[in-house]
Amino acid sequence: MAAADLAAHVTRVWDVVVVGAGPAGSTAARVAAAAGASVLLLDRAEFPRYKTCGGGLIGVSRAHVPSAVLETVEQHIFEVEFTHDGRDPVRLHSADPLLAMVRRERFDAALVAEAERAGATFVSGVTVRTVAQEDDGPVRLETTGGALEARAVIGADGVGGRIGRYVGVEPERVDLGLEEEVAAPGGAAGPRPVRLDWGPGPGSYAWVFPKAEVDTVGVIERKGPADGTRAYLRSWVAAQTPDAAVERSSGHLTQWRRHISPLRRGAVLVAGDAAGLLEPWMREGISFALRSGELAGRAAAGFAMGDDAVLDAYAHDVEATLGVEMRVGELLLAVFEKRPGLLHLLIKRTRQGRRFFARFCTGEVSLADLAERRWVMRALRALGQPSERVKGLHR
């Protein structure tokens with residue numbers, strides 16, 4: 001439904017309005033609608049729309065999407081090649097798919113379609129200008145299509161989005177990712193490996209993610225002078241795909257939240273990138289978007305139907321699950337920034353390192369499982385010397 005059609009929906013009070021139709025927002029809309037809530041899903045873009053993203057789905061992500069959405073997978077990845085600053089290659093093989101590759105245009109559109117199938121109303125081309133709530137009344141949104149009211153609002157409008165600013169989300173760190181989509185090599189038969197390179201800068205890395213018709217080639221590092229990141233990308237592209245035709249260049253910011261940042265303000269919740277939810281080491285965000293979207297959709301629907309306690313439960317549930325993984329990811333990043341060669345060596349030389357990476361990709365284990373191993377946590381703290389804020393995860 002286009003923005004011009006929003007006028008028919010501005011006179012009612014919705015149970016839930018979701019702002020942003022990426023993985024977090026469309027999942028929240030689907031879950032809330034399936035629970036019986038009246039749901040309006042908004043996005044400022046017209047769908048399908050391009051989204052800068054490597055498009056790699058780990059096992060946890062694949063487990064949290066409807067089966068119809070998995071039809072958008074273009075490649076299943078059984079092999080990953082690691083290098084350290086372009087050198088010392090090592091390959092990891094798996095009998096089970098480590099990753100599944102999607103193009104976000106199709107993946108996100110399929111998630112929206114599932115939200116609509118569950119009963120949500122989707123309107124594209126609408127920008128939210130203001131958000132406000134007085135006392136315990138409905139949340140009021142001023143949009144480019146008119147004013148809306150809802151018993152609960154979920155903000156899934158991305159990094160730096162208006163809803164996140166309203167709630168008060170503060171970033172702990174912001175990174176810059178740059179990507180190019182290049183034509184896939186002609187005549188490539190069968191699955192091709194993902195390539196990952198632990199880069200020259202602290203915490204930086206680069207990738208090649210193969211799709212059916214294109215390869216996504218990108219780099220990410222701490223946000224700083226963009227010229228340096230562009231030079232990093234040019235060097236990586238020249239080394240990996242020197243003769244491929246570039247079809248698209250793009251960039252995006254990623255962030256993870258400061259631990260004390262709120263996840264709601266009144267009846268306004270945030271999920272996914274808008275909440276700063278991602279894994280800091282690899283900057284993987286899709287699984288966090290899907291899972292936080294499920295939790296937010298369930299909480300918003302419950303609140304709209306009269307259960308006031310579910311909003312506080314949302315923040316608690318995010319912290320108890322995704323928050324633990326994020327803090328372990330921060331510890332891993334601290335080690336990675338100081339000793340990238342050590343992590344490469346663990347994968348190259350130890351069966352345990354290769355096995356954990358493979359099982360993490362397939363979804364058999366999570367970073368939260370590492371939090372239960374006290375000797376691992378002590379080693380990570382000692383090697384990475386993280387801040388006092390994350391030292392308290394395990395003592």
# chains A, B, ... in the order shown; residues from 1 in each chain; ligands from 1
>>> residues_around(residues="Lys211 (chain A)", least_positions_apart="6", cutoff="10 Å", atoms="only C-alpha atoms", output="ChimeraX atom specification")
/A:54-56,73-77,100-103,181,183-184,191-192,194
>>> residues_around(residues="Val365 (chain A)", least_positions_apart="4", cutoff="12 Å", atoms="only C-alpha atoms", output="VMD selection string")
chain A and resid 58 to 60 325 355 to 361 369 to 372
>>> atom_distance(atom1="CA of Ser38 (chain A)", atom2="CA of Arg298 (chain A)")
12.6 Å
>>> residues_around(residues="region 31-36 of chain A", least_positions_apart="4", cutoff="6 Å", atoms="only C-alpha atoms", output="list in words")
Ala118, Gly119, Ala120, Gly297, Arg298 and Ala301 of chain A
>>> closest_residue(among="A:Thr83, A:Thr144, A:Thr121, A:Ser366", to="Pro340 (chain A)", atoms="only C-alpha atoms")
A:Thr83
>>> select_by_dssp(residues="region 142-261 of chain A", states="helix (DSSP H, G or I)", output="list in words")
Arg162, Ile163, Gly164, Arg165, Tyr166, Val167, Ala226, Asp227, Gly228, Thr229, Arg230, Ala231, Tyr232, Leu233, Arg234, Ser235, Trp236, Val237, Ala238, Ala239 and Gln240 of chain A
>>> residues_around(residues="Thr143 (chain A)", least_positions_apart="6", cutoff="7 Å", atoms="only C-alpha atoms", output="PyMOL selection string")
chain A and resi 126-129
>>> write_last_selection(atoms="C-alpha atoms", output="PDB file, in the first residue's frame")
ATOM      1  CA  VAL A 126       5.690   7.281   4.830  1.00  0.00           C
ATOM      2  CA  THR A 127       8.152   9.160   7.054  1.00  0.00           C
ATOM      3  CA  VAL A 128       7.526   9.667  10.771  1.00  0.00           C
ATOM      4  CA  ARG A 129       8.249  13.259  11.765  1.00  0.00           C
TER       5      ARG A 129
END
>>> residues_around(residues="Ala296 (chain A)", least_positions_apart="3", cutoff="10 Å", atoms="only C-alpha atoms", output="VMD selection string")
chain A and resid 18 24 to 25 27 to 29 31 to 32 153 to 156 263 to 264 268 to 272 290 to 293 299 to 302 310 to 311 313 to 315 317 to 318
>>> closest_residue(among="A:Trp207, A:Ala275, A:Leu333, A:Ala267", to="Asp308 (chain A)", atoms="only C-alpha atoms")
A:Ala267
>>> residues_around(residues="Ile220 (chain A)", least_positions_apart="6", cutoff="6 Å", atoms="only C-alpha atoms", output="MDAnalysis selection string")
chainID A and resid 176:177 204:205
>>> residues_around(residues="Ala304 (chain A)", least_positions_apart="2", cutoff="8 Å", atoms="only C-alpha atoms", output="count of residues only")
10
>>> closest_residue(among="A:Val214, A:Leu148, A:Ile347, A:Leu70", to="Asp108 (chain A)", atoms="only C-alpha atoms")
A:Leu70
>>> select_by_dssp(residues="region 137-383 of chain A", states="strand (DSSP E)", output="CSV table (one decimal) with N, CA and C atoms, in the first residue's frame")
chain,number,residue,atom,x,y,z
A,139,VAL,N,0.0,6.6,22.0
A,139,VAL,CA,1.2,7.3,21.3
A,139,VAL,C,0.7,7.9,20.1
A,140,ARG,N,1.2,9.2,19.8
A,140,ARG,CA,0.8,9.9,18.7
A,140,ARG,C,2.0,10.1,17.7
A,141,LEU,N,1.8,9.8,16.5
A,141,LEU,CA,2.8,9.9,15.5
A,141,LEU,C,2.4,10.9,14.4
A,142,GLU,N,3.2,11.9,14.2
A,142,GLU,CA,3.0,12.8,13.0
A,142,GLU,C,3.8,12.3,11.9
A,143,THR,N,3.1,12.0,10.8
A,143,THR,CA,3.8,11.4,9.6
A,143,THR,C,3.5,12.3,8.4
A,146,GLY,N,-0.1,12.0,7.6
A,146,GLY,CA,-1.1,12.4,8.5
A,146,GLY,C,-0.8,11.9,9.9
A,147,ALA,N,-1.6,12.2,10.9
A,147,ALA,CA,-1.4,11.8,12.3
A,147,ALA,C,-1.9,10.4,12.6
A,148,LEU,N,-1.2,9.7,13.4
A,148,LEU,CA,-1.6,8.3,13.7
A,148,LEU,C,-1.6,8.2,15.2
A,149,GLU,N,-2.4,7.3,15.8
A,149,GLU,CA,-2.4,7.0,17.2
A,149,GLU,C,-2.4,5.5,17.4
A,150,ALA,N,-1.6,5.1,18.4
A,150,ALA,CA,-1.5,3.6,18.7
A,150,ALA,C,-1.3,3.4,20.2
A,151,ARG,N,-1.8,2.3,20.6
A,151,ARG,CA,-1.6,1.9,22.0
A,151,ARG,C,-0.2,1.6,22.3
A,152,ALA,N,0.6,1.1,21.3
A,152,ALA,CA,2.0,0.8,21.5
A,152,ALA,C,2.7,1.1,20.1
A,153,VAL,N,3.9,1.5,20.2
A,153,VAL,CA,4.7,1.8,19.0
A,153,VAL,C,6.0,1.0,19.1
A,154,ILE,N,6.4,0.4,18.0
A,154,ILE,CA,7.7,-0.3,17.9
A,154,ILE,C,8.6,0.5,16.9
A,155,GLY,N,9.7,1.0,17.4
A,155,GLY,CA,10.7,1.6,16.5
A,155,GLY,C,11.7,0.7,16.0
A,171,PRO,N,24.7,5.2,21.4
A,171,PRO,CA,25.6,4.2,20.9
A,171,PRO,C,26.8,4.0,21.8
A,172,GLU,N,27.3,2.8,21.9
A,172,GLU,CA,28.6,2.6,22.6
A,172,GLU,C,29.7,2.8,21.6
A,173,ARG,N,29.5,2.4,20.3
A,173,ARG,CA,30.4,2.6,19.3
A,173,ARG,C,29.7,2.6,17.9
A,174,VAL,N,30.3,3.3,17.0
A,174,VAL,CA,29.7,3.3,15.6
A,174,VAL,C,30.9,2.9,14.6
A,175,ASP,N,30.5,2.0,13.7
A,175,ASP,CA,31.5,1.6,12.7
A,175,ASP,C,30.9,1.9,11.3
A,176,LEU,N,31.9,2.0,10.4
A,176,LEU,CA,31.5,2.3,9.0
A,176,LEU,C,31.8,1.1,8.1
A,177,GLY,N,30.7,0.7,7.4
A,177,GLY,CA,30.9,-0.4,6.5
A,177,GLY,C,30.7,0.1,5.1
A,178,LEU,N,31.6,-0.3,4.2
A,178,LEU,CA,31.5,0.0,2.7
A,178,LEU,C,31.4,-1.3,1.9
A,179,GLU,N,30.6,-1.3,0.9
A,179,GLU,CA,30.4,-2.5,0.1
A,179,GLU,C,30.3,-2.1,-1.4
A,180,GLU,N,30.7,-3.1,-2.2
A,180,GLU,CA,30.4,-3.1,-3.6
A,180,GLU,C,29.8,-4.4,-4.0
A,181,GLU,N,28.8,-4.3,-4.9
A,181,GLU,CA,28.2,-5.5,-5.5
A,181,GLU,C,28.9,-5.6,-6.9
A,182,VAL,N,29.5,-6.7,-7.1
A,182,VAL,CA,30.2,-7.0,-8.4
A,182,VAL,C,29.6,-8.2,-9.1
A,183,ALA,N,29.7,-8.2,-10.4
A,183,ALA,CA,29.2,-9.4,-11.1
A,183,ALA,C,29.9,-10.6,-10.7
A,194,VAL,N,32.7,-18.4,1.2
A,194,VAL,CA,32.8,-17.0,1.7
A,194,VAL,C,34.3,-16.8,2.0
A,195,ARG,N,34.8,-15.5,1.8
A,195,ARG,CA,36.1,-15.2,2.2
A,195,ARG,C,36.1,-14.1,3.2
A,196,LEU,N,36.8,-14.3,4.3
A,196,LEU,CA,36.9,-13.3,5.4
A,196,LEU,C,38.4,-13.0,5.7
A,197,ASP,N,38.7,-11.8,5.8
A,197,ASP,CA,40.1,-11.3,6.1
A,197,ASP,C,40.1,-10.5,7.3
A,198,TRP,N,40.9,-10.9,8.3
A,198,TRP,CA,41.1,-10.0,9.5
A,198,TRP,C,42.0,-8.9,9.1
A,205,TYR,N,37.7,-5.9,9.4
A,205,TYR,CA,37.7,-7.1,8.6
A,205,TYR,C,37.0,-6.9,7.3
A,206,ALA,N,37.3,-7.8,6.3
A,206,ALA,CA,36.7,-7.6,5.0
A,206,ALA,C,36.1,-9.0,4.6
A,207,TRP,N,35.2,-8.9,3.6
A,207,TRP,CA,34.5,-10.1,3.2
A,207,TRP,C,34.2,-10.2,1.7
A,208,VAL,N,34.0,-11.4,1.2
A,208,VAL,CA,33.4,-11.6,-0.1
A,208,VAL,C,32.2,-12.6,0.2
A,209,PHE,N,31.0,-12.2,-0.1
A,209,PHE,CA,29.8,-13.0,0.1
A,209,PHE,C,29.2,-13.3,-1.3
A,210,PRO,N,29.3,-14.6,-1.7
A,210,PRO,CA,28.8,-14.9,-3.1
A,210,PRO,C,27.3,-15.1,-3.1
A,214,VAL,N,25.6,-11.8,-8.2
A,214,VAL,CA,26.6,-10.8,-7.7
A,214,VAL,C,27.4,-11.4,-6.5
A,215,ASP,N,28.5,-10.8,-6.3
A,215,ASP,CA,29.2,-11.0,-5.1
A,215,ASP,C,29.2,-9.7,-4.3
A,216,THR,N,29.0,-9.8,-3.0
A,216,THR,CA,29.0,-8.6,-2.2
A,216,THR,C,30.4,-8.6,-1.5
A,217,VAL,N,31.2,-7.5,-1.8
A,217,VAL,CA,32.5,-7.3,-1.4
A,217,VAL,C,32.6,-6.1,-0.5
A,218,GLY,N,33.0,-6.3,0.8
A,218,GLY,CA,33.0,-5.2,1.7
A,218,GLY,C,34.0,-5.2,2.8
A,219,VAL,N,34.0,-4.1,3.5
A,219,VAL,CA,35.0,-3.9,4.6
A,219,VAL,C,34.2,-3.2,5.7
A,220,ILE,N,34.7,-3.3,7.0
A,220,ILE,CA,34.1,-2.6,8.1
A,220,ILE,C,35.2,-2.3,9.1
A,221,GLU,N,35.1,-1.1,9.7
A,221,GLU,CA,36.1,-0.7,10.7
A,221,GLU,C,35.5,0.4,11.5
A,222,ARG,N,36.1,0.8,12.6
A,222,ARG,CA,35.6,1.8,13.5
A,222,ARG,C,35.5,3.1,12.6
A,246,VAL,N,31.7,-3.5,-11.4
A,246,VAL,CA,31.0,-3.0,-10.2
A,246,VAL,C,29.6,-2.6,-10.6
A,247,GLU,N,28.6,-3.2,-9.9
A,247,GLU,CA,27.2,-2.9,-10.2
A,247,GLU,C,26.6,-1.9,-9.3
A,248,ARG,N,27.1,-1.8,-8.0
A,248,ARG,CA,26.6,-0.9,-7.0
A,248,ARG,C,27.6,-0.7,-5.9
A,249,SER,N,27.7,0.6,-5.5
A,249,SER,CA,28.6,0.9,-4.3
A,249,SER,C,27.7,1.6,-3.3
A,250,SER,N,27.9,1.2,-2.0
A,250,SER,CA,27.1,1.8,-1.0
A,250,SER,C,27.8,1.7,0.4
A,251,GLY,N,27.3,2.3,1.4
A,251,GLY,CA,27.9,2.3,2.7
A,251,GLY,C,26.8,2.4,3.8
A,252,HIS,N,27.1,2.0,5.0
A,252,HIS,CA,26.2,2.1,6.1
A,252,HIS,C,26.9,2.2,7.4
A,253,LEU,N,26.3,2.7,8.4
A,253,LEU,CA,26.8,2.7,9.7
A,253,LEU,C,26.2,1.6,10.6
A,254,THR,N,27.0,1.0,11.4
A,254,THR,CA,26.5,0.1,12.4
A,254,THR,C,26.8,0.6,13.8
A,255,GLN,N,26.0,0.3,14.7
A,255,GLN,CA,26.2,0.7,16.1
A,255,GLN,C,25.7,-0.3,17.1
A,256,TRP,N,26.3,-0.4,18.2
A,256,TRP,CA,25.7,-1.2,19.3
A,256,TRP,C,25.5,-0.3,20.5
A,257,ARG,N,24.5,-0.6,21.2
A,257,ARG,CA,24.0,0.3,22.3
A,257,ARG,C,24.9,0.3,23.5
A,264,ARG,N,12.9,1.1,26.0
A,264,ARG,CA,11.5,1.6,25.8
A,264,ARG,C,11.4,3.0,26.6
A,265,ARG,N,10.4,3.7,26.1
A,265,ARG,CA,10.0,4.9,26.8
A,265,ARG,C,8.4,4.9,26.8
A,268,VAL,N,6.5,3.0,23.9
A,268,VAL,CA,7.3,3.0,22.7
A,268,VAL,C,8.5,2.1,22.9
A,269,LEU,N,8.6,1.1,22.1
A,269,LEU,CA,9.7,0.1,22.2
A,269,LEU,C,10.7,0.3,21.0
A,270,VAL,N,11.9,-0.1,21.2
A,270,VAL,CA,12.8,-0.1,20.0
A,270,VAL,C,13.4,-1.5,19.9
>>> atom_distance(atom1="CA of Arg283 (chain A)", atom2="CA of Gly329 (chain A)")
8.9 Å
>>> closest_residue(among="A:Gly164, A:Gln240, A:Pro193, A:Pro185", to="Glu79 (chain A)", atoms="only C-alpha atoms")
A:Pro193
>>> decode(residues="region 181-216 of chain A", atoms="N, CA, C and O atoms", output="PDB file, in the first residue's frame")
ATOM      1  N   GLU A 181      28.794  -4.286  -4.890  1.00  0.00           N
ATOM      2  CA  GLU A 181      28.250  -5.484  -5.509  1.00  0.00           C
ATOM      3  C   GLU A 181      28.880  -5.605  -6.885  1.00  0.00           C
ATOM      4  O   GLU A 181      28.795  -4.682  -7.705  1.00  0.00           O
ATOM      5  N   VAL A 182      29.538  -6.734  -7.130  1.00  0.00           N
ATOM      6  CA  VAL A 182      30.223  -6.958  -8.400  1.00  0.00           C
ATOM      7  C   VAL A 182      29.623  -8.189  -9.064  1.00  0.00           C
ATOM      8  O   VAL A 182      29.067  -9.068  -8.404  1.00  0.00           O
ATOM      9  N   ALA A 183      29.724  -8.223 -10.361  1.00  0.00           N
ATOM     10  CA  ALA A 183      29.176  -9.352 -11.103  1.00  0.00           C
ATOM     11  C   ALA A 183      29.856 -10.643 -10.660  1.00  0.00           C
ATOM     12  O   ALA A 183      31.086 -10.706 -10.526  1.00  0.00           O
ATOM     13  N   ALA A 184      29.057 -11.668 -10.415  1.00  0.00           N
ATOM     14  CA  ALA A 184      29.604 -12.972 -10.024  1.00  0.00           C
ATOM     15  C   ALA A 184      30.433 -13.531 -11.178  1.00  0.00           C
ATOM     16  O   ALA A 184      30.132 -13.272 -12.348  1.00  0.00           O
ATOM     17  N   PRO A 185      31.485 -14.297 -10.859  1.00  0.00           N
ATOM     18  CA  PRO A 185      32.316 -14.857 -11.926  1.00  0.00           C
ATOM     19  C   PRO A 185      31.506 -15.754 -12.852  1.00  0.00           C
ATOM     20  O   PRO A 185      30.712 -16.579 -12.402  1.00  0.00           O
ATOM     21  N   GLY A 186      31.675 -15.562 -14.133  1.00  0.00           N
ATOM     22  CA  GLY A 186      30.947 -16.362 -15.113  1.00  0.00           C
ATOM     23  C   GLY A 186      31.347 -17.819 -15.056  1.00  0.00           C
ATOM     24  O   GLY A 186      32.508 -18.157 -14.835  1.00  0.00           O
ATOM     25  N   GLY A 187      30.364 -18.677 -15.233  1.00  0.00           N
ATOM     26  CA  GLY A 187      30.651 -20.110 -15.275  1.00  0.00           C
ATOM     27  C   GLY A 187      30.904 -20.741 -13.935  1.00  0.00           C
ATOM     28  O   GLY A 187      31.310 -21.902 -13.861  1.00  0.00           O
ATOM     29  N   ALA A 188      30.682 -19.981 -12.817  1.00  0.00           N
ATOM     30  CA  ALA A 188      30.903 -20.560 -11.495  1.00  0.00           C
ATOM     31  C   ALA A 188      29.864 -21.651 -11.237  1.00  0.00           C
ATOM     32  O   ALA A 188      28.671 -21.411 -11.317  1.00  0.00           O
ATOM     33  N   ALA A 189      30.329 -22.840 -10.957  1.00  0.00           N
ATOM     34  CA  ALA A 189      29.425 -23.980 -10.753  1.00  0.00           C
ATOM     35  C   ALA A 189      29.450 -24.395  -9.291  1.00  0.00           C
ATOM     36  O   ALA A 189      30.503 -24.517  -8.686  1.00  0.00           O
ATOM     37  N   GLY A 190      28.254 -24.611  -8.731  1.00  0.00           N
ATOM     38  CA  GLY A 190      28.167 -25.095  -7.368  1.00  0.00           C
ATOM     39  C   GLY A 190      28.446 -24.006  -6.352  1.00  0.00           C
ATOM     40  O   GLY A 190      28.773 -22.866  -6.677  1.00  0.00           O
ATOM     41  N   PRO A 191      28.329 -24.341  -5.057  1.00  0.00           N
ATOM     42  CA  PRO A 191      28.565 -23.366  -3.989  1.00  0.00           C
ATOM     43  C   PRO A 191      30.000 -22.851  -4.016  1.00  0.00           C
ATOM     44  O   PRO A 191      30.947 -23.593  -4.277  1.00  0.00           O
ATOM     45  N   ARG A 192      30.148 -21.572  -3.741  1.00  0.00           N
ATOM     46  CA  ARG A 192      31.473 -20.961  -3.638  1.00  0.00           C
ATOM     47  C   ARG A 192      31.730 -20.549  -2.195  1.00  0.00           C
ATOM     48  O   ARG A 192      30.788 -20.320  -1.433  1.00  0.00           O
ATOM     49  N   PRO A 193      32.990 -20.440  -1.784  1.00  0.00           N
ATOM     50  CA  PRO A 193      33.268 -20.112  -0.387  1.00  0.00           C
ATOM     51  C   PRO A 193      33.066 -18.636  -0.079  1.00  0.00           C
ATOM     52  O   PRO A 193      33.231 -17.771  -0.945  1.00  0.00           O
ATOM     53  N   VAL A 194      32.715 -18.357   1.158  1.00  0.00           N
ATOM     54  CA  VAL A 194      32.832 -17.017   1.703  1.00  0.00           C
ATOM     55  C   VAL A 194      34.292 -16.771   2.024  1.00  0.00           C
ATOM     56  O   VAL A 194      35.004 -17.683   2.455  1.00  0.00           O
ATOM     57  N   ARG A 195      34.757 -15.543   1.793  1.00  0.00           N
ATOM     58  CA  ARG A 195      36.125 -15.183   2.168  1.00  0.00           C
ATOM     59  C   ARG A 195      36.082 -14.089   3.228  1.00  0.00           C
ATOM     60  O   ARG A 195      35.393 -13.085   3.060  1.00  0.00           O
ATOM     61  N   LEU A 196      36.816 -14.304   4.317  1.00  0.00           N
ATOM     62  CA  LEU A 196      36.918 -13.343   5.412  1.00  0.00           C
ATOM     63  C   LEU A 196      38.381 -13.034   5.664  1.00  0.00           C
ATOM     64  O   LEU A 196      39.209 -13.948   5.730  1.00  0.00           O
ATOM     65  N   ASP A 197      38.690 -11.754   5.807  1.00  0.00           N
ATOM     66  CA  ASP A 197      40.071 -11.337   6.074  1.00  0.00           C
ATOM     67  C   ASP A 197      40.097 -10.457   7.310  1.00  0.00           C
ATOM     68  O   ASP A 197      39.408  -9.434   7.382  1.00  0.00           O
ATOM     69  N   TRP A 198      40.867 -10.878   8.313  1.00  0.00           N
ATOM     70  CA  TRP A 198      41.072 -10.035   9.491  1.00  0.00           C
ATOM     71  C   TRP A 198      42.001  -8.905   9.055  1.00  0.00           C
ATOM     72  O   TRP A 198      43.136  -9.132   8.685  1.00  0.00           O
ATOM     73  N   GLY A 199      41.514  -7.678   9.109  1.00  0.00           N
ATOM     74  CA  GLY A 199      42.168  -6.579   8.418  1.00  0.00           C
ATOM     75  C   GLY A 199      43.330  -5.942   9.151  1.00  0.00           C
ATOM     76  O   GLY A 199      43.700  -6.345  10.256  1.00  0.00           O
ATOM     77  N   PRO A 200      43.896  -4.892   8.533  1.00  0.00           N
ATOM     78  CA  PRO A 200      45.090  -4.244   9.089  1.00  0.00           C
ATOM     79  C   PRO A 200      44.797  -3.334  10.268  1.00  0.00           C
ATOM     80  O   PRO A 200      45.680  -3.079  11.093  1.00  0.00           O
ATOM     81  N   GLY A 201      43.580  -2.795  10.357  1.00  0.00           N
ATOM     82  CA  GLY A 201      43.251  -1.897  11.455  1.00  0.00           C
ATOM     83  C   GLY A 201      42.624  -2.640  12.617  1.00  0.00           C
ATOM     84  O   GLY A 201      42.057  -3.724  12.450  1.00  0.00           O
ATOM     85  N   PRO A 202      42.678  -2.081  13.832  1.00  0.00           N
ATOM     86  CA  PRO A 202      42.085  -2.745  15.000  1.00  0.00           C
ATOM     87  C   PRO A 202      40.602  -3.024  14.807  1.00  0.00           C
ATOM     88  O   PRO A 202      39.811  -2.110  14.562  1.00  0.00           O
ATOM     89  N   GLY A 203      40.232  -4.291  14.882  1.00  0.00           N
ATOM     90  CA  GLY A 203      38.838  -4.666  14.775  1.00  0.00           C
ATOM     91  C   GLY A 203      38.268  -4.650  13.368  1.00  0.00           C
ATOM     92  O   GLY A 203      37.078  -4.902  13.185  1.00  0.00           O
ATOM     93  N   SER A 204      39.096  -4.369  12.359  1.00  0.00           N
ATOM     94  CA  SER A 204      38.588  -4.313  10.993  1.00  0.00           C
ATOM     95  C   SER A 204      38.581  -5.704  10.364  1.00  0.00           C
ATOM     96  O   SER A 204      39.374  -6.569  10.727  1.00  0.00           O
ATOM     97  N   TYR A 205      37.678  -5.902   9.428  1.00  0.00           N
ATOM     98  CA  TYR A 205      37.737  -7.111   8.616  1.00  0.00           C
ATOM     99  C   TYR A 205      37.027  -6.861   7.293  1.00  0.00           C
ATOM    100  O   TYR A 205      36.299  -5.880   7.119  1.00  0.00           O
ATOM    101  N   ALA A 206      37.278  -7.768   6.350  1.00  0.00           N
ATOM    102  CA  ALA A 206      36.723  -7.648   5.003  1.00  0.00           C
ATOM    103  C   ALA A 206      36.101  -8.974   4.605  1.00  0.00           C
ATOM    104  O   ALA A 206      36.404 -10.012   5.184  1.00  0.00           O
ATOM    105  N   TRP A 207      35.243  -8.936   3.577  1.00  0.00           N
ATOM    106  CA  TRP A 207      34.528 -10.148   3.195  1.00  0.00           C
ATOM    107  C   TRP A 207      34.209 -10.162   1.710  1.00  0.00           C
ATOM    108  O   TRP A 207      34.153  -9.130   1.047  1.00  0.00           O
ATOM    109  N   VAL A 208      33.995 -11.380   1.220  1.00  0.00           N
ATOM    110  CA  VAL A 208      33.366 -11.618  -0.070  1.00  0.00           C
ATOM    111  C   VAL A 208      32.249 -12.610   0.178  1.00  0.00           C
ATOM    112  O   VAL A 208      32.498 -13.737   0.606  1.00  0.00           O
ATOM    113  N   PHE A 209      31.005 -12.175  -0.070  1.00  0.00           N
ATOM    114  CA  PHE A 209      29.831 -13.017   0.104  1.00  0.00           C
ATOM    115  C   PHE A 209      29.243 -13.319  -1.270  1.00  0.00           C
ATOM    116  O   PHE A 209      28.721 -12.417  -1.934  1.00  0.00           O
ATOM    117  N   PRO A 210      29.314 -14.561  -1.724  1.00  0.00           N
ATOM    118  CA  PRO A 210      28.834 -14.899  -3.070  1.00  0.00           C
ATOM    119  C   PRO A 210      27.320 -15.104  -3.111  1.00  0.00           C
ATOM    120  O   PRO A 210      26.741 -15.770  -2.260  1.00  0.00           O
ATOM    121  N   LYS A 211      26.697 -14.515  -4.113  1.00  0.00           N
ATOM    122  CA  LYS A 211      25.274 -14.694  -4.364  1.00  0.00           C
ATOM    123  C   LYS A 211      25.110 -15.346  -5.746  1.00  0.00           C
ATOM    124  O   LYS A 211      26.088 -15.752  -6.374  1.00  0.00           O
ATOM    125  N   ALA A 212      23.887 -15.409  -6.220  1.00  0.00           N
ATOM    126  CA  ALA A 212      23.642 -16.072  -7.496  1.00  0.00           C
ATOM    127  C   ALA A 212      24.201 -15.275  -8.670  1.00  0.00           C
ATOM    128  O   ALA A 212      24.870 -15.818  -9.547  1.00  0.00           O
ATOM    129  N   GLU A 213      23.951 -13.962  -8.683  1.00  0.00           N
ATOM    130  CA  GLU A 213      24.358 -13.142  -9.814  1.00  0.00           C
ATOM    131  C   GLU A 213      25.411 -12.108  -9.458  1.00  0.00           C
ATOM    132  O   GLU A 213      26.050 -11.545 -10.340  1.00  0.00           O
ATOM    133  N   VAL A 214      25.591 -11.829  -8.173  1.00  0.00           N
ATOM    134  CA  VAL A 214      26.579 -10.848  -7.732  1.00  0.00           C
ATOM    135  C   VAL A 214      27.350 -11.401  -6.549  1.00  0.00           C
ATOM    136  O   VAL A 214      26.897 -12.325  -5.863  1.00  0.00           O
ATOM    137  N   ASP A 215      28.507 -10.816  -6.319  1.00  0.00           N
ATOM    138  CA  ASP A 215      29.250 -11.028  -5.086  1.00  0.00           C
ATOM    139  C   ASP A 215      29.232  -9.710  -4.310  1.00  0.00           C
ATOM    140  O   ASP A 215      29.457  -8.637  -4.884  1.00  0.00           O
ATOM    141  N   THR A 216      28.957  -9.784  -3.016  1.00  0.00           N
ATOM    142  CA  THR A 216      29.032  -8.613  -2.159  1.00  0.00           C
ATOM    143  C   THR A 216      30.424  -8.565  -1.546  1.00  0.00           C
ATOM    144  O   THR A 216      30.825  -9.493  -0.838  1.00  0.00           O
TER     145      THR A 216
END
